[in-house]
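Q: I'm passing along query25.txt; it holds compact mmCIF, C-alpha atoms.
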# COMPACT_ATOMS: atom_id res chain seq x y z
CA MET J 876 -373.99 279.09 148.68
CA ASN J 877 -375.25 276.15 146.70
CA ASN J 878 -371.72 275.48 145.62
CA LEU J 879 -370.54 275.30 149.24
CA LYS J 880 -373.23 272.85 150.23
CA GLU J 881 -372.35 270.62 147.35
CA ILE J 882 -368.73 270.67 148.38
CA SER J 883 -369.51 269.82 151.99
CA THR J 884 -371.49 266.75 150.95
CA ARG J 885 -368.74 265.74 148.57
CA LEU J 886 -366.21 266.16 151.36
CA LYS J 887 -368.27 263.98 153.63
CA ILE J 888 -368.42 261.22 151.04
CA ALA J 889 -364.71 261.48 150.38
CA LYS J 890 -363.87 261.35 154.07
CA ASN J 891 -366.00 258.24 154.48
CA ASN J 892 -364.21 256.62 151.56
CA ILE J 893 -360.83 257.42 153.08
CA LYS J 894 -361.89 255.91 156.38
CA LYS J 895 -362.94 252.70 154.64
CA VAL J 896 -359.66 252.42 152.77
CA LYS J 897 -357.69 253.11 155.93
CA GLU J 898 -359.48 250.36 157.85
CA LYS J 899 -358.91 247.96 155.00
CA ASN J 900 -355.14 248.22 154.74
CA ARG J 901 -354.11 249.20 158.20
CA GLY J 902 -350.49 248.31 158.84
CA SER J 903 -349.72 247.43 155.26
CA ASN J 904 -348.84 250.94 154.16
CA ALA J 905 -345.61 252.75 153.50
CA ALA J 906 -345.20 253.63 157.17
CA SER J 907 -344.35 250.00 157.94
CA LEU J 908 -341.58 250.06 155.35
CA GLY J 909 -340.27 253.20 157.02
CA LYS J 910 -340.21 251.44 160.38
CA ALA J 911 -338.32 248.48 158.94
CA LEU J 912 -335.71 250.75 157.36
CA LYS J 913 -335.39 252.62 160.63
CA ILE J 914 -334.71 249.56 162.77
CA SER J 915 -332.13 248.05 160.43
CA THR J 916 -329.76 251.01 160.56
CA GLU J 917 -330.11 251.47 164.30
CA LEU J 918 -328.23 248.26 165.05
CA VAL J 919 -325.35 249.06 162.71
CA ALA J 920 -324.97 252.66 163.88
CA ALA J 921 -324.55 251.74 167.54
CA VAL J 922 -321.89 249.13 166.73
CA PHE J 923 -320.08 251.72 164.63
CA VAL J 924 -320.23 254.37 167.36
CA GLY J 925 -319.13 251.90 170.05
CA SER J 926 -316.15 250.74 168.01
CA THR J 927 -315.17 254.33 167.19
CA ILE J 928 -315.21 255.29 170.86
CA GLY J 929 -313.12 252.22 171.66
CA PHE J 930 -310.64 253.09 168.93
CA LEU J 931 -310.27 256.69 170.11
CA LEU J 932 -309.83 255.67 173.74
CA ASP J 933 -307.28 253.05 172.68
CA ASN J 934 -305.26 255.69 170.90
CA TRP J 935 -305.54 257.96 173.88
CA PHE J 936 -304.55 255.49 176.61
CA ASP J 937 -302.26 253.38 174.39
CA THR J 938 -304.05 250.16 175.30
CA LYS J 939 -304.53 248.67 171.84
CA PRO J 940 -306.56 246.48 171.28
CA LEU J 941 -308.20 246.04 174.66
CA LEU J 942 -310.73 248.87 174.70
CA ILE J 943 -311.84 248.52 171.10
CA ILE J 944 -312.87 244.92 171.84
CA CYS J 945 -314.77 245.93 174.98
CA PHE J 946 -316.49 248.84 173.28
CA PHE J 947 -317.35 246.79 170.22
CA PHE J 948 -319.38 244.44 172.37
CA MET J 949 -320.92 247.35 174.26
CA GLY J 950 -321.85 248.82 170.89
CA VAL J 951 -323.56 245.58 169.94
CA ALA J 952 -325.46 245.68 173.23
CA ALA J 953 -326.42 249.31 172.63
CA GLY J 954 -327.62 248.46 169.13
CA ILE J 955 -329.81 245.65 170.40
CA LEU J 956 -331.08 247.98 173.11
CA ASN J 957 -331.94 250.59 170.47
CA VAL J 958 -333.82 248.07 168.34
CA PHE J 959 -335.61 246.79 171.43
CA LYS J 960 -336.60 250.32 172.44
CA SER J 961 -338.02 251.30 169.07
CA ALA J 962 -339.85 247.99 168.76
CA LYS J 963 -341.40 248.63 172.15
CA LYS J 964 -342.41 252.09 171.06
CA MET J 965 -344.14 250.68 167.99
CA ASN J 966 -345.96 248.11 170.08
CA ARG J 967 -347.25 250.79 172.41
CA LYS J 968 -348.59 252.87 169.54
CA SER J 969 -350.53 250.22 167.69
CA MET K 902 -317.42 253.68 126.69
CA THR K 903 -317.54 252.67 130.31
CA ILE K 904 -320.21 254.04 132.57
CA ASN K 905 -319.15 254.76 136.10
CA PRO K 906 -322.17 254.57 138.40
CA MET K 907 -320.43 256.58 141.12
CA HIS K 908 -319.60 259.47 138.80
CA GLN K 909 -322.94 261.14 139.57
CA PHE K 910 -321.92 261.74 143.20
CA GLU K 911 -318.86 263.79 142.35
CA VAL K 912 -318.78 267.24 143.91
CA TYR K 913 -317.09 269.90 141.78
CA LYS K 914 -316.95 273.62 142.13
CA ILE K 915 -318.82 276.02 139.93
CA GLY K 916 -317.23 279.39 139.36
CA PRO K 917 -314.23 280.81 141.18
CA GLU K 918 -312.56 279.33 144.23
CA ILE K 919 -313.41 281.18 147.43
CA ASN K 920 -311.20 280.66 150.46
CA LEU K 921 -312.00 282.08 153.86
CA GLY K 922 -308.87 281.50 155.87
CA LYS K 923 -308.43 277.73 155.68
CA ILE K 924 -312.07 277.05 154.88
CA ASN K 925 -312.93 276.38 151.28
CA LEU K 926 -316.20 278.17 150.59
CA SER K 927 -316.41 277.61 146.82
CA PHE K 928 -319.82 277.30 145.27
CA THR K 929 -320.23 273.65 144.26
CA ASN K 930 -322.88 271.69 142.41
CA ALA K 931 -324.12 270.54 145.83
CA SER K 932 -324.65 274.15 146.88
CA LEU K 933 -326.37 274.82 143.56
CA PHE K 934 -328.90 272.03 144.04
CA MET K 935 -329.48 272.98 147.68
CA THR K 936 -330.25 276.48 146.48
CA ILE K 937 -332.58 275.12 143.81
CA SER K 938 -334.42 273.03 146.42
CA ALA K 939 -334.73 276.01 148.75
CA ILE K 940 -336.05 278.23 145.95
CA LEU K 941 -338.56 275.53 144.94
CA ILE K 942 -339.81 275.22 148.52
CA LEU K 943 -340.10 278.98 148.93
CA SER K 944 -341.95 279.40 145.64
CA LEU K 945 -344.29 276.51 146.45
CA LEU K 946 -345.16 278.04 149.81
CA PHE K 947 -345.36 281.55 148.33
CA PHE K 948 -347.70 280.66 145.49
CA GLY K 949 -349.61 278.21 147.68
CA THR K 950 -350.50 280.84 150.24
CA LYS K 951 -350.89 283.79 147.87
CA LYS K 952 -354.52 283.31 146.97
CA LYS K 953 -356.30 281.93 150.00
CA SER K 954 -359.48 280.71 148.39
CA LEU K 955 -362.05 278.63 150.23
CA ILE K 956 -361.99 276.07 147.46
CA PRO K 957 -358.26 275.48 147.16
CA SER K 958 -356.35 275.30 143.92
CA LYS K 959 -353.99 272.37 143.44
CA ILE K 960 -350.92 274.24 144.61
CA GLN K 961 -352.75 275.59 147.66
CA LEU K 962 -353.92 272.07 148.43
CA ILE K 963 -350.35 270.74 148.35
CA THR K 964 -349.21 273.50 150.69
CA GLU K 965 -352.04 272.94 153.13
CA MET K 966 -351.57 269.18 153.03
CA SER K 967 -347.89 269.43 153.84
CA TYR K 968 -348.73 271.79 156.71
CA THR K 969 -351.34 269.48 158.25
CA PHE K 970 -349.15 266.43 157.62
CA ILE K 971 -346.29 267.83 159.69
CA ALA K 972 -348.56 269.40 162.31
CA LYS K 973 -350.28 266.06 162.86
CA MET K 974 -347.00 264.19 162.96
CA ILE K 975 -345.58 266.51 165.64
CA ASN K 976 -348.76 266.22 167.65
CA ASP K 977 -348.76 262.42 167.46
CA THR K 978 -345.10 261.74 168.17
CA ALA K 979 -343.92 264.61 170.34
CA GLY K 980 -347.11 265.80 172.02
CA SER K 981 -348.67 269.24 171.98
CA GLY K 982 -345.72 270.67 173.92
CA ALA K 983 -343.60 270.45 170.79
CA LYS K 984 -345.85 272.79 168.79
CA SER K 985 -343.27 275.54 169.02
CA PHE K 986 -340.82 273.38 167.06
CA PHE K 987 -343.14 273.17 164.08
CA PRO K 988 -341.14 275.63 161.93
CA PHE K 989 -337.94 273.67 162.47
CA VAL K 990 -339.42 270.26 161.71
CA PHE K 991 -341.35 271.61 158.73
CA THR K 992 -338.24 273.23 157.25
CA LEU K 993 -336.24 270.09 157.79
CA PHE K 994 -338.85 267.83 156.21
CA MET K 995 -339.37 270.07 153.20
CA PHE K 996 -335.64 270.49 152.65
CA VAL K 997 -334.90 266.77 152.78
CA LEU K 998 -337.93 265.94 150.67
CA PHE K 999 -337.09 268.48 147.98
CA CYS K 1000 -333.42 267.55 147.91
CA ASN K 1001 -334.43 263.91 147.42
CA MET K 1002 -337.02 264.73 144.79
CA VAL K 1003 -334.83 267.16 142.85
CA GLY K 1004 -332.22 264.41 142.85
CA MET K 1005 -334.67 262.15 141.02
CA LEU K 1006 -334.59 264.39 137.95
CA PRO K 1007 -332.16 263.31 135.22
CA TYR K 1008 -328.82 265.18 135.12
CA SER K 1009 -329.40 266.56 138.61
CA PHE K 1010 -327.32 266.03 141.71
CA THR K 1011 -328.64 264.38 144.87
CA VAL K 1012 -327.50 266.51 147.78
CA THR K 1013 -328.68 263.99 150.37
CA SER K 1014 -326.37 261.31 148.94
CA GLN K 1015 -323.45 263.12 150.58
CA ILE K 1016 -322.84 261.89 154.13
CA ILE K 1017 -321.53 265.27 155.21
CA VAL K 1018 -324.84 266.95 154.35
CA THR K 1019 -327.00 264.41 156.15
CA PHE K 1020 -324.62 264.22 159.08
CA THR K 1021 -324.65 268.00 159.46
CA LEU K 1022 -328.45 267.97 159.58
CA ALA K 1023 -328.43 265.09 162.07
CA ALA K 1024 -325.80 266.77 164.23
CA ILE K 1025 -327.85 269.97 164.37
CA ILE K 1026 -330.86 267.96 165.52
CA PHE K 1027 -328.85 265.93 168.02
CA ILE K 1028 -327.04 268.88 169.60
CA GLY K 1029 -330.19 270.99 169.57
CA ALA K 1030 -332.27 268.28 171.24
CA THR K 1031 -329.59 267.73 173.89
CA ILE K 1032 -329.39 271.46 174.66
CA ILE K 1033 -333.18 271.68 174.85
CA GLY K 1034 -333.23 268.72 177.23
CA PHE K 1035 -330.67 270.33 179.52
CA ILE K 1036 -332.46 273.70 179.47
CA LYS K 1037 -335.78 272.09 180.22
CA HIS K 1038 -334.71 269.60 182.89
CA GLY K 1039 -331.27 270.74 184.04
CA PHE K 1040 -329.08 267.89 185.26
CA LYS K 1041 -332.14 265.68 185.63
CA TYR K 1042 -331.81 265.14 181.90
CA LEU K 1043 -328.95 262.75 182.66
CA GLU K 1044 -331.56 260.41 184.11
CA LEU K 1045 -332.14 259.44 180.49
CA PHE K 1046 -329.01 257.29 180.80
CA VAL K 1047 -330.11 255.57 184.02
CA PRO K 1048 -333.00 253.16 183.47
CA LYS K 1049 -335.14 252.43 186.48
CA GLY K 1050 -334.82 249.21 188.44
CA VAL K 1051 -331.25 248.29 187.51
CA PRO K 1052 -329.01 246.74 190.23
CA ILE K 1053 -326.17 249.05 191.29
CA ILE K 1054 -323.47 246.55 190.27
CA LEU K 1055 -324.64 246.63 186.68
CA LEU K 1056 -325.10 250.39 186.61
CA PRO K 1057 -321.66 251.42 185.23
CA LEU K 1058 -322.02 249.01 182.32
CA ILE K 1059 -325.60 250.03 181.60
CA ILE K 1060 -324.76 253.73 181.66
CA VAL K 1061 -321.97 253.25 179.12
CA ILE K 1062 -324.30 251.24 176.89
CA GLU K 1063 -327.01 253.87 177.19
CA ILE K 1064 -324.55 256.63 176.32
CA ILE K 1065 -323.38 254.72 173.25
CA SER K 1066 -326.98 254.17 172.21
CA TYR K 1067 -327.64 257.88 172.66
CA LEU K 1068 -324.57 258.83 170.63
CA ALA K 1069 -325.62 256.40 167.91
CA ARG K 1070 -328.70 258.52 167.17
CA PRO K 1071 -327.15 261.08 164.82
CA VAL K 1072 -325.12 258.36 163.11
CA SER K 1073 -328.11 256.15 162.41
CA LEU K 1074 -330.17 259.17 161.37
CA SER K 1075 -327.61 260.40 158.85
CA VAL K 1076 -326.42 257.02 157.58
CA ARG K 1077 -329.98 255.90 156.89
CA LEU K 1078 -330.78 258.81 154.60
CA PHE K 1079 -327.36 258.84 152.95
CA ALA K 1080 -327.19 255.08 152.35
CA ASN K 1081 -330.68 254.87 150.92
CA MET K 1082 -330.10 257.69 148.46
CA LEU K 1083 -326.62 256.49 147.50
CA ALA K 1084 -327.68 252.87 146.99
CA GLY K 1085 -330.82 253.78 145.08
CA HIS K 1086 -329.12 256.15 142.68
CA THR K 1087 -326.20 253.78 142.10
CA MET K 1088 -328.62 251.00 141.29
CA LEU K 1089 -330.53 253.20 138.85
CA LYS K 1090 -327.30 254.09 137.12
CA VAL K 1091 -326.12 250.49 136.96
CA PHE K 1092 -329.36 249.34 135.35
CA GLY K 1093 -329.23 252.35 133.05
CA GLY K 1094 -325.75 251.24 132.03
CA PHE K 1095 -327.09 247.75 131.24
CA VAL K 1096 -329.63 249.29 128.87
CA ILE K 1097 -326.85 250.99 126.91
CA GLY K 1098 -324.56 247.97 127.07
CA LEU K 1099 -327.09 245.41 125.87
CA GLY K 1100 -328.42 247.66 123.13
CA LEU K 1101 -331.62 247.23 121.17
CA LEU K 1102 -331.58 243.46 121.46
CA GLY K 1103 -331.42 242.79 125.20
CA GLY K 1104 -331.85 246.23 126.68
CA TRP K 1105 -335.57 246.03 127.24
CA LEU K 1106 -335.47 244.01 130.44
CA PRO K 1107 -333.13 246.38 132.33
CA LEU K 1108 -335.14 249.28 130.92
CA GLY K 1109 -338.22 247.85 132.62
CA PHE K 1110 -336.24 247.44 135.81
CA THR K 1111 -335.11 251.05 135.61
CA VAL K 1112 -338.69 252.24 135.29
CA ALA K 1113 -339.77 250.13 138.27
CA LEU K 1114 -336.77 251.25 140.32
CA THR K 1115 -337.51 254.88 139.56
CA GLY K 1116 -340.96 254.41 141.06
CA LEU K 1117 -339.45 252.72 144.09
CA GLU K 1118 -336.87 255.48 144.44
CA ILE K 1119 -339.58 258.15 144.49
CA LEU K 1120 -341.30 256.23 147.29
CA ILE K 1121 -337.99 255.92 149.16
CA ALA K 1122 -337.27 259.63 148.65
CA PHE K 1123 -340.54 260.54 150.33
CA LEU K 1124 -340.24 257.86 152.98
CA GLN K 1125 -336.75 258.88 154.05
CA ALA K 1126 -337.80 262.50 154.43
CA TYR K 1127 -340.73 261.29 156.52
CA VAL K 1128 -338.56 259.03 158.69
CA PHE K 1129 -336.05 261.87 159.17
CA ALA K 1130 -338.81 264.19 160.38
CA VAL K 1131 -340.45 261.55 162.58
CA LEU K 1132 -337.18 260.74 164.30
CA THR K 1133 -336.55 264.43 164.89
CA CYS K 1134 -339.93 264.54 166.62
CA ILE K 1135 -339.08 261.45 168.69
CA TYR K 1136 -335.78 262.97 169.85
CA LEU K 1137 -337.54 266.24 170.66
CA ASN K 1138 -340.10 264.22 172.59
CA ASP K 1139 -337.34 262.58 174.64
CA ALA K 1140 -335.83 265.99 175.34
CA LEU K 1141 -339.11 267.65 176.27
CA ASN K 1142 -340.95 264.96 178.19
CA LEU K 1143 -338.12 262.83 179.60
CA HIS K 1144 -339.45 259.35 180.02
CA HIS K 1145 -338.19 256.14 178.55
Could you express the structure from this file as structure tokens?

A:
Amino acid sequence: MNNLKEISTRLKIAKNNIKKVKEKNRGSNAASLGKALKISTELVAAVFVGSTIGFLLDNWFDTKPLLIICFFFMGVAAGILNVFKSAKKMNRKS
Amino acid sequence: MTINPMHQFEVYKIGPEINLGKINLSFTNASLFMTISAILILSLLFFGTKKKSLIPSKIQLITEMSYTFIAKMINDTAGSGAKSFFPFVFTLFMFVLFCNMVGMLPYSFTVTSQIIVTFTLAAIIFIGATIIGFIKHGFKYLELFVPKGVPIILLPLIIVIEIISYLARPVSLSVRLFANMLAGHTMLKVFGGFVIGLGLLGGWLPLGFTVALTGLEILIAFLQAYVFAVLTCIYLNDALNLHH
């Protein structure tokens, strides 16, 4: 029983310490790096997907290179939209 | 002797060639390291939950921490409605994390540096989330592609852009994990090659870099598993709760 009590006080102290540390370096942790990595690929992926769709449709309708140009720019727009969306999500959270 | 930094990503088969119709089902080094990761996860969870003491041992602590970590993440990003997807997200996170971490060991193979592996995982998530969205909301799920307050003239363009941005999800999810692992391991190998090439005289600087990069790579390995799991939760959230 004594052992348990000791542990509960130690837990309390440890939790307080964690809280202090968290308040100190809020926003400067690894999660921010994760967010940065996340946003950077989002832009590229949408451009890639847009261009691929354009390429496939071009092959299908035999309209080279009209659709790939259109869909490339739509991909760029979609990429920017994606980045915008996730940035907005981050803003809402913090 | 030349050192090829891309040599480590070569997939080769171990044992006999197995063909099922036109599908090549041979056991490769990638399958071997996936199996190793799965066995490691299972043994961690088995030994971690074997002796449920009030004062946890180290292995029990790791198991409980990973449980609460994922449970909290699902609760924060996807809401309490996504609780039933905990087993899926937990499995996914542990698998990616262990594949990344096993890949950090010398002479091992990094499964997640193969685009086909990461893309398969991402495609499962993407298709699964889409099906869940349609089951939950029916055809109302298509409203995801129609943002509110857009003039009707612009609507065809916006819908196409939204569809592209939706289709980009699995690509960005898989490319992110794959590119990070590939780039990191190539860099480690290149600096390792410098150490050999420069010898005792000048090899100390790249050796220091290699040590620092190894630390960074371990951080990246954890971070990418985390990002993968968080994004899964975000996509599940979109499918379950349907708001932009």

Q: List every residue of chain J that has an atom at most 10 Å from any atom of chain K, and for each one report the closest atom pair and its distance in Å to one decimal, counting only C-alpha atoms, with rows sorted by chain and then by increasing residue number, as CSV.

A:
residue,atom,partner,partner_atom,distance
J:Asn878,CA,K:Ile956,CA,9.9
J:Leu879,CA,K:Ile956,CA,8.8
J:Ile882,CA,K:Ile956,CA,8.7
J:Ala905,CA,K:Leu1124,CA,7.4
J:Ala906,CA,K:Leu1124,CA,7.7
J:Leu908,CA,K:Leu1124,CA,8.3
J:Gly909,CA,K:Leu1124,CA,6.2
J:Lys910,CA,K:Val1128,CA,7.9
J:Leu912,CA,K:Arg1077,CA,7.7
J:Lys913,CA,K:Arg1077,CA,7.3
J:Ile914,CA,K:Ser1073,CA,9.3
J:Ser915,CA,K:Arg1077,CA,8.9
J:Thr916,CA,K:Ser1073,CA,5.7
J:Glu917,CA,K:Ser1073,CA,5.4
J:Leu918,CA,K:Ser1073,CA,8.3
J:Val919,CA,K:Ser1073,CA,7.6
J:Ala920,CA,K:Ser1073,CA,4.9
J:Ala921,CA,K:Ala1069,CA,4.8
J:Val922,CA,K:Ala1069,CA,8.3
J:Phe923,CA,K:Ala1069,CA,8.0
J:Val924,CA,K:Ala1069,CA,5.8
J:Gly925,CA,K:Ile1065,CA,6.0
J:Ser926,CA,K:Ile1065,CA,9.8
J:Ile928,CA,K:Ile1065,CA,8.5
J:Phe946,CA,K:Ile1062,CA,8.9
J:Phe948,CA,K:Ile1062,CA,9.5
J:Met949,CA,K:Ile1062,CA,5.8
J:Gly950,CA,K:Ile1065,CA,6.5
J:Val951,CA,K:Ile1062,CA,9.0
J:Ala952,CA,K:Ile1062,CA,6.8
J:Ala953,CA,K:Ser1066,CA,4.9
J:Gly954,CA,K:Ser1066,CA,6.5
J:Ile955,CA,K:Ser1066,CA,9.2
J:Leu956,CA,K:Ser1066,CA,7.5
J:Asn957,CA,K:Ser1066,CA,6.4
J:Val958,CA,K:Ser1066,CA,9.9
J:Lys960,CA,K:His1145,CA,8.6
J:Lys964,CA,K:His1145,CA,9.5
J:Lys968,CA,K:Thr978,CA,9.6

Q: Name the residues in contact with range 1136-1142 of chain K at a cut-off of 12 Å, using only C-alpha atoms, excluding same-chain residues fewer than 6 positions from it; report them as JSON, numbers by chain.

A: {"J": [961], "K": [974, 975, 976, 977, 978, 979, 980, 981, 982, 983, 984, 985, 986, 987, 989, 990, 1023, 1025, 1026, 1027, 1028, 1029, 1030, 1031, 1032, 1033, 1034, 1035, 1036, 1037, 1038, 1039, 1041, 1042, 1043, 1044, 1045, 1046, 1067, 1068, 1070, 1071, 1074, 1129, 1130]}

Q: CA of Val1091 in chain K and CA of Leu1022 in chain K, how far apart in Å?

A: 28.7 Å

Q: What does the structure give for the distance between CA of Ser927 in chain K and CA of Lys914 in chain K, in Å to one decimal?

A: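 If I compute the distance from CA of Ser927 in chain K to CA of Lys914 in chain K, I get 6.2 Å.
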
Q: When you draw a straight line from CA of Met1005 in chain K to CA of Gly1103 in chain K, how long is it in Å?

A: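 Pair CA of Met1005 in chain K / CA of Gly1103 in chain K returns 25.2 Å.
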
Q: For Phe1079 in chain K, please output as an NGL selection string all residues within 8 Å (counting all atoms listed in the file; exclusion window: fewer than 4 positions along the same chain).

A: :K and (1013-1016 or 1019 or 1075 or 1083)

Q: Within 12 Å of Met1088 in chain K, counting all atoms listed in the file, which residues qualify if same-chain residues fewer than 5 places away don't, as a PyMOL selection string?

A: chain K and resi 905-907+909+1080-1083+1093-1095+1107+1110-1115+1117-1118

Q: Do you know which residues are at most 12 Å from Ser1009 in chain K counting all atoms listed in the file, after dropping those on the same chain fewer than 2 positions away, and could you put them as a list in words?

A: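 Using all atoms listed in the file, the neighbours found are Gln909, Phe910, Glu911, Val912, Asn930, Ala931, Leu933, Phe934, Met935, Ile937, Ser938, Cys1000, Asn1001, Met1002, Val1003, Gly1004, Met1005, Leu1006, Pro1007, Thr1011, Val1012, Ser1014 and His1086 of chain K.
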
Q: Could you rebuild range 1006-1026 of chain K with N, CA and C atoms and give it back as a short mmCIF file (atom, residue, chain, number, x, y, z; two decimals), keeping the file's coordinate frame?

A:
data_model
loop_
_atom_site.label_atom_id
_atom_site.label_comp_id
_atom_site.auth_asym_id
_atom_site.auth_seq_id
_atom_site.Cartn_x
_atom_site.Cartn_y
_atom_site.Cartn_z
N LEU K 1006 -334.55 263.90 139.32
CA LEU K 1006 -334.59 264.39 137.95
C LEU K 1006 -333.30 264.00 137.23
N PRO K 1007 -333.38 263.65 135.97
CA PRO K 1007 -332.16 263.31 135.22
C PRO K 1007 -331.20 264.49 135.18
N TYR K 1008 -329.91 264.19 135.18
CA TYR K 1008 -328.82 265.18 135.12
C TYR K 1008 -328.70 266.03 136.38
N SER K 1009 -329.52 265.76 137.40
CA SER K 1009 -329.40 266.56 138.61
C SER K 1009 -328.47 265.87 139.60
N PHE K 1010 -328.24 266.53 140.69
CA PHE K 1010 -327.32 266.03 141.71
C PHE K 1010 -328.11 265.82 143.00
N THR K 1011 -327.90 264.66 143.64
CA THR K 1011 -328.64 264.38 144.87
C THR K 1011 -327.82 264.85 146.06
N VAL K 1012 -328.26 265.94 146.67
CA VAL K 1012 -327.50 266.51 147.78
C VAL K 1012 -327.47 265.55 148.96
N THR K 1013 -328.59 264.85 149.19
CA THR K 1013 -328.68 263.99 150.37
C THR K 1013 -327.88 262.71 150.21
N SER K 1014 -327.22 262.50 149.07
CA SER K 1014 -326.37 261.31 148.94
C SER K 1014 -324.96 261.60 149.42
N GLN K 1015 -324.75 262.78 150.00
CA GLN K 1015 -323.45 263.12 150.58
C GLN K 1015 -323.56 262.99 152.09
N ILE K 1016 -322.72 262.15 152.68
CA ILE K 1016 -322.84 261.89 154.13
C ILE K 1016 -322.63 263.16 154.93
N ILE K 1017 -321.81 264.08 154.42
CA ILE K 1017 -321.53 265.27 155.21
C ILE K 1017 -322.79 266.14 155.34
N VAL K 1018 -323.61 266.15 154.29
CA VAL K 1018 -324.84 266.95 154.35
C VAL K 1018 -325.81 266.35 155.36
N THR K 1019 -326.04 265.04 155.24
CA THR K 1019 -327.00 264.41 156.15
C THR K 1019 -326.48 264.42 157.58
N PHE K 1020 -325.15 264.24 157.71
CA PHE K 1020 -324.62 264.22 159.08
C PHE K 1020 -324.70 265.61 159.71
N THR K 1021 -324.51 266.65 158.92
CA THR K 1021 -324.65 268.00 159.46
C THR K 1021 -326.08 268.22 159.96
N LEU K 1022 -327.05 267.82 159.15
CA LEU K 1022 -328.45 267.97 159.58
C LEU K 1022 -328.69 267.19 160.87
N ALA K 1023 -328.21 265.93 160.89
CA ALA K 1023 -328.43 265.09 162.07
C ALA K 1023 -327.74 265.66 163.30
N ALA K 1024 -326.53 266.21 163.09
CA ALA K 1024 -325.80 266.77 164.23
C ALA K 1024 -326.52 267.99 164.78
N ILE K 1025 -327.08 268.81 163.89
CA ILE K 1025 -327.85 269.97 164.37
C ILE K 1025 -329.01 269.50 165.24
N ILE K 1026 -329.72 268.48 164.76
CA ILE K 1026 -330.86 267.96 165.52
C ILE K 1026 -330.40 267.41 166.86
#
